[in-house]
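Enquirer: Here you go, upload-v4.csv (CSV, C-alpha atoms):
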chain,number,residue,atom,x,y,z
N,202,MET,CA,150.4,25.9,-137.3
N,203,MET,CA,153.5,28.1,-137.1
N,204,ARG,CA,155.8,25.1,-137.0
N,205,TRP,CA,154.3,23.9,-140.3
N,206,ARG,CA,155.0,27.3,-141.8
N,207,ASN,CA,158.5,27.4,-140.4
N,208,ILE,CA,159.5,24.0,-141.7
N,209,LEU,CA,158.7,24.9,-145.3
N,210,LEU,CA,158.9,28.7,-145.4
N,211,GLN,CA,161.6,29.7,-142.9
N,212,TYR,CA,164.6,29.5,-145.2
N,213,CYS,CA,166.9,32.1,-146.5
N,214,PHE,CA,166.0,35.4,-148.3
N,215,LEU,CA,167.8,36.1,-151.5
N,216,LEU,CA,170.9,38.2,-151.0
N,217,ILE,CA,169.3,41.4,-152.2
N,218,THR,CA,166.4,40.9,-149.8
N,219,CYS,CA,168.9,40.5,-147.0
N,220,LEU,CA,170.6,43.7,-147.9
N,221,LEU,CA,167.3,45.6,-148.1
N,222,THR,CA,165.9,44.4,-144.8
N,223,ALA,CA,169.2,44.5,-142.9
N,224,LEU,CA,167.8,41.6,-140.8
N,225,GLU,CA,168.2,43.6,-137.5
N,226,ALA,CA,166.3,42.5,-134.4
N,227,VAL,CA,163.1,44.4,-133.8
N,228,PRO,CA,163.5,47.4,-131.5
N,229,ILE,CA,161.8,46.8,-128.2
N,230,ASP,CA,160.9,49.4,-125.5
N,231,ILE,CA,161.6,47.7,-122.2
N,232,ASP,CA,161.2,48.5,-118.5
N,233,LYS,CA,164.6,47.3,-117.3
N,234,THR,CA,163.2,46.8,-113.8
N,235,LYS,CA,160.9,44.1,-115.2
N,236,VAL,CA,163.4,42.0,-117.2
N,237,GLN,CA,161.9,38.7,-116.3
N,238,ASN,CA,158.5,39.6,-117.7
N,239,ILE,CA,159.5,40.6,-121.2
N,240,HIS,CA,157.4,39.6,-124.1
N,241,PRO,CA,158.0,40.4,-127.8
N,242,VAL,CA,155.9,43.3,-129.1
N,243,GLU,CA,152.6,42.2,-130.6
N,244,SER,CA,153.2,44.1,-133.8
N,245,ALA,CA,156.4,42.3,-134.6
N,246,LYS,CA,154.9,39.5,-136.6
N,247,ILE,CA,157.0,38.2,-139.5
N,248,GLU,CA,155.4,37.4,-142.9
N,249,PRO,CA,156.7,34.1,-144.3
N,250,PRO,CA,159.7,35.0,-146.5
N,251,ASP,CA,159.9,34.3,-150.2
N,252,THR,CA,161.5,30.8,-150.4
N,253,GLY,CA,163.0,31.5,-153.8
N,254,LEU,CA,161.1,28.5,-155.2
N,255,TYR,CA,159.4,28.8,-158.6
N,256,TYR,CA,156.2,27.5,-156.9
N,257,ASP,CA,156.5,29.7,-153.8
N,258,GLU,CA,153.1,31.3,-154.2
N,259,TYR,CA,151.4,28.0,-154.7
N,260,LEU,CA,153.1,26.5,-151.7
N,261,LYS,CA,152.0,29.4,-149.5
N,262,GLN,CA,148.4,29.3,-150.8
N,263,VAL,CA,148.1,25.5,-150.1
N,264,ILE,CA,149.3,26.0,-146.6
N,265,ASP,CA,146.9,28.9,-146.0
N,266,VAL,CA,143.9,26.8,-147.1
N,267,LEU,CA,145.0,23.7,-145.1
N,268,GLU,CA,145.3,25.7,-142.0
N,269,THR,CA,141.6,26.7,-142.2
N,270,ASP,CA,140.6,23.0,-141.6
N,271,LYS,CA,140.3,22.3,-137.9
N,272,HIS,CA,141.1,18.6,-138.2
N,273,PHE,CA,144.2,19.1,-140.4
N,274,ARG,CA,145.4,22.0,-138.2
N,275,GLU,CA,145.3,19.8,-135.1
N,276,LYS,CA,147.3,17.1,-136.9
N,277,LEU,CA,149.8,19.6,-138.0
N,278,GLN,CA,150.3,20.9,-134.4
N,279,LYS,CA,151.0,17.3,-133.2
N,280,ALA,CA,153.1,16.2,-136.2
N,281,ASP,CA,156.9,16.0,-135.9
N,282,ILE,CA,159.4,16.8,-138.7
N,283,GLU,CA,159.6,13.2,-139.9
N,284,GLU,CA,155.8,12.8,-140.2
N,285,ILE,CA,155.7,15.8,-142.4
N,286,LYS,CA,158.8,15.0,-144.5
N,287,SER,CA,157.9,11.3,-145.0
N,288,GLY,CA,154.5,12.0,-146.4
N,289,ARG,CA,152.5,10.3,-143.7
N,290,LEU,CA,150.7,13.5,-142.9
N,291,SER,CA,149.5,13.8,-146.5
N,292,LYS,CA,147.1,10.9,-145.9
N,293,GLU,CA,145.1,13.2,-143.5
N,294,LEU,CA,144.0,15.1,-146.6
N,295,ASP,CA,141.2,12.6,-147.2
N,296,LEU,CA,139.6,13.8,-143.9
N,297,VAL,CA,139.5,17.5,-144.6
N,298,SER,CA,136.2,19.3,-145.4
N,299,HIS,CA,134.6,19.4,-148.8
N,300,HIS,CA,135.0,23.2,-148.8
N,301,VAL,CA,138.8,22.9,-148.3
N,302,ARG,CA,139.1,20.3,-150.9
N,303,THR,CA,137.3,22.5,-153.4
N,304,LYS,CA,139.7,25.4,-152.7
N,305,LEU,CA,142.7,23.1,-153.1
N,306,ASP,CA,141.3,21.8,-156.4
N,307,GLU,CA,141.0,25.4,-157.7
N,308,LEU,CA,144.6,26.2,-156.5
N,309,LYS,CA,145.9,23.2,-158.4
N,310,ARG,CA,144.1,24.1,-161.6
N,311,GLN,CA,145.5,27.6,-161.4
N,312,GLU,CA,149.0,26.3,-160.8
N,313,VAL,CA,148.8,23.8,-163.8
N,314,GLY,CA,147.5,26.7,-165.9
N,315,ARG,CA,150.4,28.9,-164.8
N,316,LEU,CA,152.9,26.2,-165.7
N,317,ARG,CA,151.3,25.6,-169.1
N,318,MET,CA,151.6,29.3,-169.8
N,319,LEU,CA,155.3,29.3,-168.8
N,320,ILE,CA,155.9,26.3,-171.1
N,321,LYS,CA,154.1,28.0,-174.0
N,322,ALA,CA,156.0,31.2,-173.5
N,323,LYS,CA,159.3,29.2,-173.6
N,324,LEU,CA,158.3,27.2,-176.7
N,325,ASP,CA,157.2,30.4,-178.4
N,326,SER,CA,160.5,32.0,-177.7
N,327,LEU,CA,162.3,29.0,-179.1
N,328,GLN,CA,159.8,28.8,-182.1
N,329,ASP,CA,159.2,25.2,-181.3
N,330,ILE,CA,155.5,24.1,-181.7
N,331,GLY,CA,156.1,20.3,-181.9
N,332,MET,CA,156.4,19.6,-178.2
N,333,ASP,CA,153.8,18.0,-176.0
N,334,HIS,CA,152.7,20.2,-173.1
N,335,GLN,CA,151.8,17.2,-171.0
N,336,ALA,CA,155.2,15.7,-171.5
N,337,LEU,CA,156.9,19.0,-170.5
N,338,LEU,CA,154.7,19.2,-167.3
N,339,LYS,CA,156.6,16.1,-166.1
N,340,GLN,CA,159.6,18.2,-165.3
N,341,PHE,CA,157.7,19.9,-162.5
N,342,ASP,CA,157.7,17.5,-159.5
N,343,HIS,CA,155.7,19.6,-157.0
N,344,LEU,CA,152.3,18.3,-158.3
N,345,ASN,CA,150.7,15.4,-160.0
N,346,HIS,CA,150.3,16.5,-163.6
N,347,LEU,CA,148.3,13.4,-164.6
N,348,ASN,CA,145.3,14.7,-162.8
N,349,PRO,CA,145.3,18.5,-163.4
N,350,ASP,CA,141.8,19.1,-161.9
N,351,LYS,CA,141.9,17.5,-158.5
N,352,PHE,CA,144.2,18.1,-155.5
N,353,GLU,CA,144.8,14.7,-153.9
N,354,SER,CA,147.0,13.3,-151.1
N,355,THR,CA,149.6,12.6,-153.8
N,356,ASP,CA,149.8,16.3,-154.6
N,357,LEU,CA,150.4,17.2,-151.0
N,358,ASP,CA,153.0,14.5,-150.6
N,359,MET,CA,154.8,15.7,-153.8
N,360,LEU,CA,154.6,19.4,-152.7
N,361,ILE,CA,156.1,18.7,-149.3
N,362,LYS,CA,158.9,16.5,-150.6
N,363,ALA,CA,159.8,18.9,-153.4
N,364,ALA,CA,159.9,21.9,-151.1
N,365,THR,CA,161.9,20.1,-148.4
N,366,SER,CA,164.4,18.8,-150.9
N,367,ASP,CA,164.8,22.1,-152.8
N,368,LEU,CA,165.1,24.2,-149.6
N,369,GLU,CA,167.6,21.8,-148.0
N,370,HIS,CA,169.9,22.5,-151.0
N,371,TYR,CA,169.3,26.3,-150.8
N,372,ASP,CA,172.3,27.0,-148.6
N,373,LYS,CA,174.6,24.9,-150.7
N,374,THR,CA,173.5,26.8,-153.8
N,375,ARG,CA,174.2,30.1,-152.1
N,376,HIS,CA,177.7,29.0,-151.2
N,377,GLU,CA,178.3,27.9,-154.8
N,378,GLU,CA,177.0,31.2,-156.1
N,379,PHE,CA,179.3,33.1,-153.7
N,380,LYS,CA,182.3,31.1,-154.8
N,381,LYS,CA,181.5,31.9,-158.5
N,382,TYR,CA,181.1,35.6,-157.5
N,383,GLU,CA,184.5,35.6,-155.7
N,384,MET,CA,186.2,33.9,-158.7
N,385,MET,CA,184.7,36.4,-161.1
N,386,LYS,CA,185.7,39.3,-159.0
N,387,GLU,CA,189.3,38.2,-158.8
N,388,HIS,CA,189.3,37.4,-162.6
N,389,GLU,CA,188.1,40.8,-163.4
N,390,ARG,CA,190.7,42.4,-161.1
N,391,ARG,CA,193.5,40.5,-162.8
N,392,GLU,CA,192.2,41.2,-166.3
N,393,TYR,CA,192.1,44.9,-165.4
N,394,LEU,CA,195.7,44.8,-164.2
N,395,LYS,CA,196.7,43.4,-167.6
N,396,THR,CA,195.5,46.6,-169.3
N,397,LEU,CA,197.8,48.8,-167.2
N,398,ASN,CA,201.4,49.8,-167.7
N,399,GLU,CA,203.9,48.7,-165.1
N,400,GLU,CA,203.7,51.9,-163.0
N,401,LYS,CA,199.9,51.9,-162.8
N,402,ARG,CA,199.8,48.2,-162.1
N,403,LYS,CA,202.1,48.7,-159.1
N,404,GLU,CA,199.8,51.5,-157.9
N,405,GLU,CA,196.7,49.3,-158.1
N,406,GLU,CA,198.4,46.4,-156.4
N,407,SER,CA,199.6,48.7,-153.6
N,408,LYS,CA,196.0,50.0,-153.3
N,409,PHE,CA,194.6,46.5,-153.1
N,410,GLU,CA,197.0,45.5,-150.3
N,411,GLU,CA,196.1,48.6,-148.4
N,412,MET,CA,192.4,47.9,-148.7
N,413,LYS,CA,193.0,44.4,-147.4
N,414,LYS,CA,194.8,45.8,-144.3
N,415,LYS,CA,192.0,48.3,-143.7
N,416,HIS,CA,189.4,45.5,-144.0
N,417,GLU,CA,191.2,43.3,-141.5
N,418,ASN,CA,191.7,46.2,-139.0
N,419,HIS,CA,188.4,45.9,-137.1
N,420,PRO,CA,187.3,45.2,-133.5
N,421,LYS,CA,187.3,41.6,-132.2
N,422,VAL,CA,184.4,39.5,-133.6
N,423,ASN,CA,182.7,37.5,-130.9
N,424,HIS,CA,182.2,33.8,-131.6
N,425,PRO,CA,178.7,33.4,-133.0
N,426,GLY,CA,176.3,31.9,-130.4
N,427,SER,CA,178.8,32.5,-127.5
N,428,LYS,CA,177.8,34.2,-124.2
N,429,ASP,CA,179.9,37.3,-125.1
N,430,GLN,CA,178.1,37.5,-128.5
N,431,LEU,CA,174.6,37.2,-127.1
N,432,LYS,CA,175.4,39.6,-124.2
N,433,GLU,CA,176.5,42.2,-126.7
N,434,VAL,CA,173.1,41.9,-128.5
N,435,TRP,CA,171.3,42.0,-125.1
N,436,GLU,CA,173.1,45.2,-124.2
N,437,GLU,CA,173.4,47.1,-127.5
N,438,THR,CA,170.3,46.0,-129.4
N,439,ASP,CA,167.9,45.2,-126.6
N,440,GLY,CA,169.1,48.0,-124.3
N,441,LEU,CA,169.4,45.8,-121.2
N,442,ASP,CA,171.9,45.7,-118.4
N,443,PRO,CA,174.6,43.0,-119.3
N,444,ASN,CA,174.6,42.0,-115.6
N,445,ASP,CA,171.0,40.9,-115.9
N,446,PHE,CA,171.6,38.6,-118.9
N,447,ASP,CA,169.2,35.7,-118.9
N,448,PRO,CA,169.2,33.1,-121.7
N,449,LYS,CA,165.5,32.3,-121.3
N,450,THR,CA,164.5,35.9,-121.5
N,451,PHE,CA,166.9,36.4,-124.4
N,452,PHE,CA,165.2,33.6,-126.3
N,453,LYS,CA,161.7,35.1,-125.8
N,454,LEU,CA,162.9,38.5,-126.9
N,455,HIS,CA,164.3,37.2,-130.2
N,456,ASP,CA,161.5,34.7,-130.9
N,457,VAL,CA,160.0,37.7,-132.7
N,458,ASN,CA,156.9,35.9,-134.0
N,459,SER,CA,156.3,34.1,-130.7
N,460,ASP,CA,156.0,30.6,-132.2
N,461,GLY,CA,158.3,29.0,-129.7
N,462,PHE,CA,161.3,28.6,-132.0
N,463,LEU,CA,164.3,30.6,-133.3
N,464,ASP,CA,164.2,30.1,-137.0
N,465,GLU,CA,167.0,30.9,-139.4
N,466,GLN,CA,166.0,34.5,-140.1
N,467,GLU,CA,165.7,35.2,-136.3
N,468,LEU,CA,169.1,33.7,-135.8
N,469,GLU,CA,170.7,35.6,-138.6
N,470,ALA,CA,169.4,38.9,-137.1
N,471,LEU,CA,171.5,38.2,-134.0
N,472,PHE,CA,174.7,38.5,-136.0
N,473,THR,CA,174.2,42.0,-137.3
N,474,LYS,CA,176.2,43.7,-134.6
N,475,GLU,CA,179.2,41.4,-135.2
N,476,LEU,CA,179.0,41.9,-139.0
N,477,GLU,CA,178.9,45.7,-138.5
N,478,LYS,CA,182.4,45.4,-136.9
N,479,VAL,CA,183.8,44.1,-140.1
N,480,TYR,CA,181.6,45.5,-142.9
N,481,ASP,CA,180.6,49.0,-143.6
N,482,PRO,CA,178.7,49.8,-146.9
N,483,LYS,CA,180.5,53.2,-147.0
N,484,ASN,CA,183.9,51.6,-147.2
N,485,GLU,CA,185.3,50.6,-150.5
N,486,GLU,CA,187.2,47.7,-149.0
N,487,ASP,CA,184.1,46.1,-147.5
N,488,ASP,CA,182.0,43.9,-149.8
N,489,MET,CA,178.4,43.5,-148.8
N,490,VAL,CA,178.0,40.3,-150.7
N,491,GLU,CA,180.8,38.9,-148.6
N,492,MET,CA,179.0,40.1,-145.5
N,493,GLU,CA,175.9,38.1,-146.3
N,494,GLU,CA,178.1,35.0,-147.0
N,495,GLU,CA,179.6,35.5,-143.5
N,496,ARG,CA,176.1,35.9,-142.0
N,497,LEU,CA,175.2,32.6,-143.6
N,498,ARG,CA,178.4,31.0,-142.3
N,499,MET,CA,177.7,32.2,-138.7
N,500,ARG,CA,174.1,30.9,-138.8
N,501,GLU,CA,175.2,27.5,-140.1
N,502,HIS,CA,177.8,27.2,-137.4
N,503,VAL,CA,175.2,28.1,-134.6
N,504,MET,CA,172.6,25.7,-136.1
N,505,ASN,CA,175.2,22.9,-136.2
N,506,GLU,CA,176.0,23.5,-132.5
N,507,VAL,CA,172.5,24.1,-131.1
N,508,ASP,CA,169.9,22.4,-133.4
N,509,THR,CA,170.3,18.9,-132.0
N,510,ASN,CA,167.4,17.3,-133.9
N,511,LYS,CA,168.4,19.0,-137.2
N,512,ASP,CA,164.9,20.4,-138.0
N,513,ARG,CA,166.4,23.8,-138.8
N,514,LEU,CA,164.6,25.3,-135.8
N,515,VAL,CA,166.0,26.1,-132.3
N,516,THR,CA,163.7,25.3,-129.4
N,517,LEU,CA,164.0,26.9,-126.0
N,518,GLU,CA,165.2,23.6,-124.6
N,519,GLU,CA,167.9,23.3,-127.3
N,520,PHE,CA,168.9,26.9,-126.7
N,521,LEU,CA,169.2,26.5,-122.9
N,522,LYS,CA,171.2,23.3,-123.2
N,523,ALA,CA,173.7,25.1,-125.5
N,524,THR,CA,174.2,27.8,-122.9
N,525,GLU,CA,175.4,25.1,-120.5
N,526,LYS,CA,178.3,24.0,-122.7
N,527,LYS,CA,181.8,25.0,-122.1
N,528,GLU,CA,182.0,26.4,-125.6
N,529,PHE,CA,179.3,28.9,-124.7
N,530,LEU,CA,181.5,30.4,-121.9
N,531,GLU,CA,184.9,29.7,-123.4
N,532,PRO,CA,184.6,29.7,-127.2
N,533,ASP,CA,187.4,29.5,-129.7
N,534,SER,CA,188.3,32.7,-131.5
N,535,TRP,CA,186.3,33.5,-134.7
N,536,GLU,CA,188.1,34.6,-137.8
N,537,SER,CA,186.2,36.5,-140.4
N,538,PRO,CA,187.5,35.9,-144.0
N,539,SER,CA,189.8,38.5,-145.5
N,540,ILE,CA,189.2,40.0,-148.9
What is this file in structure tokens?
Expert:
Amino acid sequence: MMRWRNILLQYCFLLITCLLTALEAVPIDIDKTKVQNIHPVESAKIEPPDTGLYYDEYLKQVIDVLETDKHFREKLQKADIEEIKSGRLSKELDLVSHHVRTKLDELKRQEVGRLRMLIKAKLDSLQDIGMDHQALLKQFDHLNHLNPDKFESTDLDMLIKAATSDLEHYDKTRHEEFKKYEMMKEHERREYLKTLNEEKRKEEESKFEEMKKKHENHPKVNHPGSKDQLKEVWEETDGLDPNDFDPKTFFKLHDVNSDGFLDEQELEALFTKELEKVYDPKNEEDDMVEMEEERLRMREHVMNEVDTNKDRLVTLEEFLKATEKKEFLEPDSWESPSI
């Protein structure tokens, strides 16, 4: 059940959400004499994040309803990533209870109605009344618009494929937006310099170089996912003796929702201590948007090294295998980007 949620709903928060939540690991009170018996606190359950998809609420509601059906829930628990992404799982919809099908039908009618309202609002704003609503519905590929009253296996297949495709491109979109942000920031800086006389311009250039030096003057950043990096989290965030570091216990501590996986949010939370070495919101030279880009870069690097089956989830087995590699004990240096 939680695997199903994670596959479709685990992906990144918007940058502003990341800034607000700070993505720090949940504080845990621990008896250090019982390190091997640690379990995440019961209250530390994570709500599925907003995926950023325009059909996010519909996606969550469909998942919630499907999970109430015993047969479908059992199939989900046994399904692998390829069964879900390929659409083979969608055929199981024919076997769910009538009560569940009725609820799904109602959700689809509501979603079609919502999309029609969006289309109407857009057309009204453009003062265009000659367009066919049914034709415009074709642009939405997360449901079958030809049958607006019934939720069928085709609808589940389309919803899974649309969400998977959209979410797989989410990181790429974030990187592209960040590049645009950096280009615009540099453009505005240069345009501002053009408005200054030579003396003021030299002062601003000198100040900019000084800020760069201050930003680059920070403690050593541990290689993300290395033993040194994880031990620092173990000691400073979890409050444990570094001499007692145990990868299996570490995994269980930071699998905050106890679903047996480290998802992308749980991984990103592990990098907060490293990022705080480089970025301080009180410092003019430290850009918090750049900090979130660096957090994303760290997570992508660790996922690339550890997530061997590329399902964007780290299992305990994958995690432990990664700790046996030479790179875990003797990693390359990690360079954070300069401003």
Enquirer: Please measure the separation of atom CA of N:Glu531 and atom CA of N:Lys428, giving the value in Å to one decimal.
Expert: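 Atom-to-atom, atom CA of N:Glu531 to atom CA of N:Lys428, that is 8.4 Å.
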Enquirer: Which of these, N:Gln311, N:Thr365, N:Ser291, N:Asn398, has the shortest distance to N:Glu353 once you count only C-alpha atoms?
Expert: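 Ranked by minimum distance to N:Glu353, first place goes to N:Ser291.
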Enquirer: Just the number, please: distance in Å from atom CA of N:Leu514 to atom CA of N:Asp464, one decimal.
Expert: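 According to the coordinates, atom CA of N:Leu514 and atom CA of N:Asp464 are separated by 5.0 Å.
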Enquirer: Dump as JSON lines the rows for residues of stretch 293-386 of chain N within 10 Å of stretch 483-505 of chain N: closest atom pair and distance in Å with one decimal, all atoms listed in the file counted, ordered by chain and rising residue number.
Expert:
{"residue": "N:Asp372", "atom": "CA", "partner": "N:Leu497", "partner_atom": "CA", "distance": 8.0}
{"residue": "N:Arg375", "atom": "CA", "partner": "N:Glu494", "partner_atom": "CA", "distance": 8.1}
{"residue": "N:His376", "atom": "CA", "partner": "N:Glu494", "partner_atom": "CA", "distance": 7.3}
{"residue": "N:Glu378", "atom": "CA", "partner": "N:Glu494", "partner_atom": "CA", "distance": 9.9}
{"residue": "N:Phe379", "atom": "CA", "partner": "N:Glu494", "partner_atom": "CA", "distance": 7.1}
{"residue": "N:Lys380", "atom": "CA", "partner": "N:Glu494", "partner_atom": "CA", "distance": 9.7}
{"residue": "N:Tyr382", "atom": "CA", "partner": "N:Val490", "partner_atom": "CA", "distance": 8.8}
{"residue": "N:Glu383", "atom": "CA", "partner": "N:Glu491", "partner_atom": "CA", "distance": 8.7}
Enquirer: Could you name the residues that touch N:Phe451 at 9 Å or less, counting only C-alpha atoms, but leaving out those on the same chain fewer than 4 positions away, as a VMD selection string?
Expert: chain N and resid 431 435 446 to 447 455 to 456
Enquirer: Would you output that residue set with C-alpha atoms, as an mmCIF file, in the coordinates of the input?
Expert:
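Contents of result-v4.cif, as written:
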data_model
loop_
_atom_site.group_PDB
_atom_site.id
_atom_site.type_symbol
_atom_site.label_atom_id
_atom_site.label_comp_id
_atom_site.auth_asym_id
_atom_site.auth_seq_id
_atom_site.Cartn_x
_atom_site.Cartn_y
_atom_site.Cartn_z
ATOM 1 C CA LEU N 431 174.600 37.200 -127.100
ATOM 2 C CA TRP N 435 171.300 42.000 -125.100
ATOM 3 C CA PHE N 446 171.600 38.600 -118.900
ATOM 4 C CA ASP N 447 169.200 35.700 -118.900
ATOM 5 C CA HIS N 455 164.300 37.200 -130.200
ATOM 6 C CA ASP N 456 161.500 34.700 -130.900
#
Enquirer: Taking all atoms listed in the file into account, name the residue in N:Arg402, N:Lys386, N:His346, N:Lys408 that is nearest to N:Glu312.
Expert: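 When distances to N:Glu312 are compared using all atoms listed in the file, the smallest one comes from N:His346.
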Enquirer: To one decimal place in Å, what is the distance between atom CA of N:Glu369 and atom CA of N:Glu465?
Expert: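 Result for atom CA of N:Glu369 versus atom CA of N:Glu465: 12.5 Å, one decimal.
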Enquirer: Could you tell me which of N:Pro443, N:Gly288, N:Pro482, N:Pro425 comes closest to N:Leu468 if we count all atoms listed in the file?
Expert: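 Distance minimum relative to N:Leu468 lands on N:Pro425.
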Enquirer: Need to verify the contact set: stretch 418-423 of chain N, 9 Å, all atoms listed in the file, exclusion of same-chain residues closer than 4 positions in sequence. Can you return it as a ChimeraX atom specification?
Expert: /N:413-414,427-431,433,475-476,478-480,532,534-537
Enquirer: Using all atoms listed in the file, find the one residue out of N:Lys304, N:Ser326, N:Ile264, N:Glu392 that sits nearest to N:Asp350.
Expert: N:Lys304
Enquirer: Using only C-alpha atoms, which of N:Asp265, N:Gly440, N:Lys351, N:His272 sits nearest N:Thr303?
Expert: N:Lys351
Enquirer: Considering all atoms listed in the file, can you say which of N:Asp512, N:Val507, N:Met412, N:Thr269 comes closest to N:Glu525?
Expert: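 Checking each of N:Asp512, N:Val507, N:Met412, N:Thr269 against N:Glu525, counting all atoms listed in the file, the winner is N:Val507.
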Enquirer: Give as a PDB file with C-alpha atoms, keeping the file's coordinate frame every residue, naming chains and numbers as the document does, that has an atom within 12 Å of (140.9, 13.9, -144.3), counting only C-alpha atoms.
Expert:
ATOM      1  CA  LEU N 267     145.000  23.700-145.100  1.00  0.00           C
ATOM      2  CA  ASP N 270     140.600  23.000-141.600  1.00  0.00           C
ATOM      3  CA  LYS N 271     140.300  22.300-137.900  1.00  0.00           C
ATOM      4  CA  HIS N 272     141.100  18.600-138.200  1.00  0.00           C
ATOM      5  CA  PHE N 273     144.200  19.100-140.400  1.00  0.00           C
ATOM      6  CA  ARG N 274     145.400  22.000-138.200  1.00  0.00           C
ATOM      7  CA  GLU N 275     145.300  19.800-135.100  1.00  0.00           C
ATOM      8  CA  LYS N 276     147.300  17.100-136.900  1.00  0.00           C
ATOM      9  CA  LEU N 290     150.700  13.500-142.900  1.00  0.00           C
ATOM     10  CA  SER N 291     149.500  13.800-146.500  1.00  0.00           C
ATOM     11  CA  LYS N 292     147.100  10.900-145.900  1.00  0.00           C
ATOM     12  CA  GLU N 293     145.100  13.200-143.500  1.00  0.00           C
ATOM     13  CA  LEU N 294     144.000  15.100-146.600  1.00  0.00           C
ATOM     14  CA  ASP N 295     141.200  12.600-147.200  1.00  0.00           C
ATOM     15  CA  LEU N 296     139.600  13.800-143.900  1.00  0.00           C
ATOM     16  CA  VAL N 297     139.500  17.500-144.600  1.00  0.00           C
ATOM     17  CA  SER N 298     136.200  19.300-145.400  1.00  0.00           C
ATOM     18  CA  HIS N 299     134.600  19.400-148.800  1.00  0.00           C
ATOM     19  CA  HIS N 300     135.000  23.200-148.800  1.00  0.00           C
ATOM     20  CA  VAL N 301     138.800  22.900-148.300  1.00  0.00           C
ATOM     21  CA  ARG N 302     139.100  20.300-150.900  1.00  0.00           C
ATOM     22  CA  GLU N 353     144.800  14.700-153.900  1.00  0.00           C
ATOM     23  CA  SER N 354     147.000  13.300-151.100  1.00  0.00           C
TER      24      SER N 354
END
